[in-house]
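Text of the file data23.cif, holding mmCIF, C-alpha atoms:
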data_work
loop_
_atom_site.label_atom_id
_atom_site.label_comp_id
_atom_site.auth_asym_id
_atom_site.auth_seq_id
_atom_site.Cartn_x
_atom_site.Cartn_y
_atom_site.Cartn_z
CA THR O 1 23.01 -18.85 20.72
CA ALA O 2 25.29 -16.61 22.74
CA ALA O 3 22.94 -16.95 25.70
CA LEU O 4 23.57 -20.69 25.75
CA VAL O 5 27.37 -20.64 25.64
CA GLY O 6 28.80 -21.76 28.98
CA GLN O 7 32.11 -20.71 30.49
CA SER O 8 33.39 -24.18 31.39
CA GLU O 9 35.53 -26.63 29.43
CA ASP O 10 33.98 -29.54 31.34
CA PRO O 11 31.98 -31.78 28.93
CA SER O 12 29.41 -32.68 31.59
CA PRO O 13 25.88 -31.54 30.69
CA ARG O 14 25.64 -29.74 34.02
CA HIS O 15 28.60 -27.58 33.03
CA SER O 16 27.58 -26.91 29.43
CA VAL O 17 25.86 -23.71 30.56
CA PRO O 18 25.37 -22.10 33.97
CA PRO O 19 22.87 -24.07 36.10
CA GLY O 20 19.35 -23.52 34.81
CA ALA O 21 20.43 -21.05 32.11
CA ALA O 22 19.34 -23.22 29.17
CA VAL O 23 15.95 -23.94 30.73
CA ALA O 24 15.46 -20.25 31.55
CA PHE O 25 16.38 -19.34 27.97
CA PHE O 26 13.69 -21.65 26.55
CA GLU O 27 11.14 -20.50 29.10
CA GLU O 28 11.66 -16.92 27.94
CA ARG O 29 11.40 -17.93 24.26
CA ALA O 30 8.14 -19.74 25.04
CA ARG O 31 6.76 -16.62 26.72
CA GLN O 32 7.75 -14.43 23.77
CA LEU O 33 6.28 -16.81 21.19
CA GLY O 34 3.13 -17.70 23.08
CA LEU O 35 4.04 -21.37 23.41
CA GLY O 36 3.37 -23.82 26.19
CA CYS O 37 6.39 -24.75 28.30
CA GLN O 38 6.84 -27.92 30.32
CA LYS O 39 9.91 -28.83 32.38
CA VAL O 40 10.42 -32.51 33.15
CA GLU O 41 13.22 -33.39 35.56
CA VAL O 42 13.99 -36.95 34.49
CA ALA O 43 16.92 -37.29 36.93
CA PRO O 44 18.32 -34.96 39.62
CA GLY O 45 19.63 -31.91 37.79
CA TYR O 46 18.66 -33.19 34.32
CA VAL O 47 15.68 -31.36 32.83
CA VAL O 48 13.99 -31.99 29.48
CA THR O 49 12.26 -28.81 28.31
CA VAL O 50 9.22 -29.10 26.04
CA LEU O 51 7.80 -26.13 24.12
CA THR O 52 4.40 -26.73 22.53
CA TRP O 53 2.50 -25.04 19.71
CA PRO O 54 -1.03 -26.53 19.83
CA GLY O 55 -2.58 -27.64 16.56
CA THR O 56 -6.14 -27.13 15.45
CA ASN O 57 -6.94 -30.86 15.54
CA PRO O 58 -5.82 -32.42 18.85
CA ALA O 59 -7.02 -35.84 17.67
CA LEU O 60 -4.04 -36.06 15.32
CA SER O 61 -0.64 -37.33 16.41
CA SER O 62 1.93 -34.60 16.92
CA ILE O 63 5.23 -33.54 15.34
CA LEU O 64 8.30 -33.72 17.58
CA LEU O 65 11.38 -31.55 16.92
CA ASN O 66 14.24 -32.63 19.16
CA SER O 67 17.63 -31.10 19.94
CA HIS O 68 20.12 -31.15 22.80
CA THR O 69 21.72 -28.43 24.90
CA ASP O 70 24.89 -30.18 26.09
CA VAL O 71 28.07 -29.88 24.04
CA VAL O 72 31.47 -31.50 23.52
CA PRO O 73 34.66 -30.39 25.34
CA VAL O 74 36.62 -27.31 24.26
CA PHE O 75 40.30 -27.20 23.29
CA LYS O 76 40.98 -23.48 22.93
CA GLU O 77 44.29 -23.93 21.11
CA HIS O 78 42.38 -25.26 18.08
CA TRP O 79 39.98 -22.31 17.88
CA SER O 80 40.54 -19.19 15.78
CA HIS O 81 38.23 -17.24 18.14
CA ASP O 82 37.40 -17.55 21.81
CA PRO O 83 34.78 -20.35 21.95
CA PHE O 84 32.99 -18.61 24.82
CA GLU O 85 32.50 -15.24 23.09
CA ALA O 86 30.00 -16.33 20.41
CA PHE O 87 31.94 -14.27 17.87
CA LYS O 88 30.18 -13.52 14.57
CA ASP O 89 32.41 -12.60 11.62
CA SER O 90 31.65 -10.40 8.61
CA GLU O 91 30.34 -13.38 6.63
CA GLY O 92 27.84 -14.32 9.30
CA TYR O 93 29.71 -17.33 10.69
CA ILE O 94 29.36 -17.80 14.45
CA TYR O 95 32.26 -19.19 16.48
CA ALA O 96 30.94 -20.52 19.78
CA ARG O 97 31.02 -23.64 21.86
CA GLY O 98 28.19 -25.88 20.68
CA ALA O 99 27.00 -23.48 17.97
CA GLN O 100 27.09 -26.26 15.35
CA ASP O 101 26.39 -29.27 17.56
CA MET O 102 23.70 -28.51 18.02
CA LYS O 103 22.40 -25.17 19.20
CA CYS O 104 22.06 -24.04 15.59
CA VAL O 105 19.26 -26.59 15.17
CA SER O 106 17.53 -25.47 18.37
CA ILE O 107 17.58 -21.89 17.10
CA GLN O 108 16.32 -22.96 13.66
CA TYR O 109 13.31 -24.64 15.25
CA LEU O 110 12.53 -21.58 17.36
CA GLU O 111 13.01 -19.14 14.49
CA ALA O 112 10.89 -21.23 12.11
CA VAL O 113 8.04 -21.30 14.63
CA ARG O 114 8.40 -17.57 15.29
CA ARG O 115 8.18 -16.69 11.59
CA LEU O 116 5.26 -19.02 10.96
CA LYS O 117 3.33 -17.54 13.87
CA VAL O 118 4.09 -13.98 12.75
CA GLU O 119 2.74 -14.85 9.30
CA GLY O 120 -0.46 -16.14 10.88
CA HIS O 121 -0.06 -19.82 10.07
CA ARG O 122 -1.91 -22.54 11.98
CA PHE O 123 -1.46 -26.27 11.52
CA PRO O 124 -3.73 -29.23 12.26
CA ARG O 125 -1.00 -31.09 14.16
CA THR O 126 0.49 -29.96 17.43
CA ILE O 127 4.22 -29.21 17.23
CA HIS O 128 6.46 -30.02 20.20
CA MET O 129 10.07 -28.89 20.52
CA THR O 130 12.07 -30.93 23.03
CA PHE O 131 15.46 -29.89 24.39
CA VAL O 132 17.37 -32.68 26.15
CA PRO O 133 20.37 -32.26 28.49
CA ASP O 134 22.87 -35.07 27.88
CA GLU O 135 22.99 -36.36 24.30
CA GLU O 136 26.78 -36.06 24.05
CA VAL O 137 27.32 -38.51 26.91
CA GLY O 138 24.81 -41.12 25.79
CA GLY O 139 21.41 -39.70 26.69
CA HIS O 140 21.07 -42.02 29.69
CA GLN O 141 20.03 -39.14 31.96
CA GLY O 142 17.90 -37.46 29.30
CA MET O 143 15.92 -38.90 26.40
CA GLU O 144 16.40 -42.50 27.53
CA LEU O 145 14.49 -41.74 30.74
CA PHE O 146 12.10 -39.24 29.17
CA VAL O 147 10.62 -41.75 26.69
CA GLN O 148 9.65 -43.98 29.61
CA ARG O 149 7.65 -41.27 31.34
CA PRO O 150 3.95 -40.41 30.97
CA GLU O 151 4.88 -36.85 29.94
CA PHE O 152 6.49 -38.23 26.79
CA HIS O 153 3.61 -40.56 25.93
CA ALA O 154 1.20 -37.65 26.40
CA LEU O 155 2.93 -35.87 23.50
CA ARG O 156 1.54 -38.54 21.13
CA ALA O 157 4.39 -38.02 18.67
CA GLY O 158 3.74 -39.46 15.23
CA PHE O 159 6.78 -38.00 13.47
CA ALA O 160 10.11 -36.79 14.84
CA LEU O 161 13.12 -34.89 13.56
CA ASP O 162 16.43 -35.06 15.39
CA GLU O 163 20.08 -34.24 14.83
CA GLY O 164 21.54 -34.80 11.36
CA ILE O 165 24.76 -33.26 10.11
CA ALA O 166 25.87 -29.69 9.55
CA ASN O 167 25.81 -28.37 5.99
CA PRO O 168 27.58 -25.10 5.07
CA THR O 169 25.20 -24.57 2.14
CA ASP O 170 21.47 -23.81 2.04
CA ALA O 171 20.69 -27.51 1.48
CA PHE O 172 19.48 -29.81 4.24
CA THR O 173 20.83 -33.34 4.50
CA VAL O 174 18.19 -35.81 5.68
CA PHE O 175 18.92 -39.18 7.25
CA TYR O 176 16.80 -42.09 8.36
CA SER O 177 17.76 -43.39 11.80
CA GLU O 178 21.51 -43.66 12.44
CA ARG O 179 24.00 -43.06 9.63
CA SER O 180 25.43 -46.58 9.62
CA PRO O 181 26.20 -49.00 6.77
CA TRP O 182 24.04 -52.05 6.39
CA CYS O 183 25.45 -55.48 5.81
CA LYS O 184 23.93 -58.55 4.19
CA ALA O 185 25.44 -61.99 4.64
CA ARG O 186 24.70 -65.05 2.55
CA LEU O 187 25.90 -68.23 4.19
CA CYS O 188 26.51 -71.32 2.06
CA LEU O 189 27.31 -74.30 4.23
CA LYS O 190 30.03 -76.78 3.37
CA THR O 191 28.53 -79.91 1.85
CA THR O 192 30.06 -83.33 1.36
CA THR O 193 28.83 -85.74 -1.31
CA THR O 194 29.85 -89.39 -1.06
CA THR O 195 29.66 -91.60 -4.14
CA LYS O 196 30.11 -95.33 -3.74
CA THR O 197 32.00 -97.31 -6.35
CA PRO O 198 32.39 -101.08 -6.54
CA ASP O 199 35.91 -101.04 -5.16
CA ASN O 200 36.00 -98.10 -2.74
CA ASN O 201 34.26 -95.04 -1.35
CA ASN O 202 35.13 -91.90 -3.23
CA ASN O 203 34.52 -88.68 -1.31
CA ASN O 204 33.96 -85.62 -3.43
CA ASN O 205 34.01 -82.57 -1.20
CA LYS O 206 32.12 -79.65 -2.58
CA ASN O 207 33.02 -76.56 -0.64
CA THR O 208 31.15 -73.35 -1.12
CA PRO O 209 32.82 -70.58 0.85
CA LEU O 210 31.07 -68.08 3.02
CA SER O 211 30.28 -65.10 0.85
CA TRP O 212 29.62 -61.59 2.07
CA ARG O 213 27.90 -58.80 0.30
CA ARG O 214 28.39 -55.47 1.97
CA SER O 215 26.68 -52.37 0.78
CA ARG O 216 26.76 -48.86 2.10
CA GLY O 217 23.62 -46.96 1.22
CA GLU O 218 23.65 -43.29 0.45
CA GLU O 219 24.18 -41.56 3.76
CA GLY O 220 21.68 -38.88 2.98
CA GLU O 221 19.61 -37.10 0.43
CA ARG O 222 19.47 -33.40 -0.08
CA ALA O 223 16.01 -32.05 0.43
#
Could you render the structure from this file as structure tokens?
Amino acid sequence: TAALVGQSEDPSPRHSVPPGAAVAFFEERARQLGLGCQKVEVAPGYVVTVLTWPGTNPALSSILLNSHTDVVPVFKEHWSHDPFEAFKDSEGYIYARGAQDMKCVSIQYLEAVRRLKVEGHRFPRTIHMTFVPDEEVGGHQGMELFVQRPEFHALRAGFALDEGIANPTDAFTVFYSERSPWCKARLCLKTTTTTKTPDNNNNNNKNTPLSWRRSRGEEGERA
């Protein structure tokens, strides 16, 4: 993680780390782990890096593990340690710009693959790890363009994991899609019933108000 901590407070993806440093970091990890490495420049200066562990059955759709390398701005006065030092305390906590959001996930993917390969595991499905450059500013110069390219379609992803939420325990919180509440609306229109009597017209207005039922589902389940 320390290798990916930039020295700029600018939130722009290009300033998250020194130019090319993140890509070079993943290239070196790919070499060490014996993984394929593909660099796709989706826009000038914006590179999506793809590391690939081939499966034993290429006919199957693949697994896609996605994370991003850009980070949010830094306000040093709110930090207990220098955010650019990647300080690790006696309890194992790391204080570094972007360590939680979300370089910790990138490292978890890499470490999981490393351990599985060391233990001699092979899997039927190919596993791709993608590292995108601009999630924090909308993804318009990253994943949004990448999914439109032939390089993405060639991955044949059948299942994907992306960013969730940090958990200080050993449990993993799993979400489906975005963590947003869902809302159901039941609309009952105003109706008017007219009953004629011998001497006049009597209007009986039956009003049924608009009723809303709002429900927030559980935001996640511990796996």
- Message: At a cut-off of 9 Å, using only C-alpha atoms, what residues contact Arg29 in chain O? Leave out same-chain residues fewer than 6 positions from it and give the result as a ChimeraX atom specification.
- Response: /O:35,51,110
- Message: If we count all atoms listed in the file and set the cut-off at 12 Å, which residues sit around Phe123 in chain O, ignoring sequence neighbours fewer than 6 positions away in its own chain? Please answer as a PyMOL selection string.
- Response: chain O and resi 53-58+60+62-63+113+116-117
- Could you spell out the hits of the PyMOL selection byres ((chain O and resi 148-159) around 10) on the shown file, as a list of chain:residue names? O:Gln38, O:Lys39, O:Val40, O:Val42, O:Val50, O:Thr52, O:Pro58, O:Ala59, O:Leu60, O:Ser61, O:Ser62, O:Ile63, O:Leu64, O:Leu65, O:Arg125, O:Thr126, O:Ile127, O:His128, O:Thr130, O:Met143, O:Glu144, O:Leu145, O:Phe146, O:Val147, O:Ala160, O:Leu161
For the selection you just gave me, I'd like the residues written to a file as a JSON list (two decimals), in the frame of the given file, keeping C-alpha atoms.
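Listing of selection_11.json after writing:
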[["chain", "number", "residue", "atom", "x", "y", "z"],
["O", 38, "GLN", "CA", 6.84, -27.92, 30.32],
["O", 39, "LYS", "CA", 9.91, -28.83, 32.38],
["O", 40, "VAL", "CA", 10.42, -32.51, 33.15],
["O", 42, "VAL", "CA", 13.99, -36.95, 34.49],
["O", 50, "VAL", "CA", 9.22, -29.10, 26.04],
["O", 52, "THR", "CA", 4.40, -26.73, 22.53],
["O", 58, "PRO", "CA", -5.82, -32.42, 18.85],
["O", 59, "ALA", "CA", -7.02, -35.84, 17.67],
["O", 60, "LEU", "CA", -4.04, -36.06, 15.32],
["O", 61, "SER", "CA", -0.64, -37.33, 16.41],
["O", 62, "SER", "CA", 1.93, -34.60, 16.92],
["O", 63, "ILE", "CA", 5.23, -33.54, 15.34],
["O", 64, "LEU", "CA", 8.30, -33.72, 17.58],
["O", 65, "LEU", "CA", 11.38, -31.55, 16.92],
["O", 125, "ARG", "CA", -1.00, -31.09, 14.16],
["O", 126, "THR", "CA", 0.49, -29.96, 17.43],
["O", 127, "ILE", "CA", 4.22, -29.21, 17.23],
["O", 128, "HIS", "CA", 6.46, -30.02, 20.20],
["O", 130, "THR", "CA", 12.07, -30.93, 23.03],
["O", 143, "MET", "CA", 15.92, -38.90, 26.40],
["O", 144, "GLU", "CA", 16.40, -42.50, 27.53],
["O", 145, "LEU", "CA", 14.49, -41.74, 30.74],
["O", 146, "PHE", "CA", 12.10, -39.24, 29.17],
["O", 147, "VAL", "CA", 10.62, -41.75, 26.69],
["O", 160, "ALA", "CA", 10.11, -36.79, 14.84],
["O", 161, "LEU", "CA", 13.12, -34.89, 13.56]]
- What is the distance between CA of Leu33 in chain O and CA of Tyr109 in chain O, in Å to one decimal? 12.1 Å
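Of the residues under consideration (O:Phe87, O:Arg97, O:Glu27, O:Gly34), O:Arg97 shows the shortest atom-to-atom contact distance to Phe75 in chain O when counting all atoms listed in the file.
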- Message: Could you tell me how far CA of Ala171 in chain O sits from CA of Phe26 in chain O, in Å to one decimal place?
- Response: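 These two atoms are separated by 26.7 Å.
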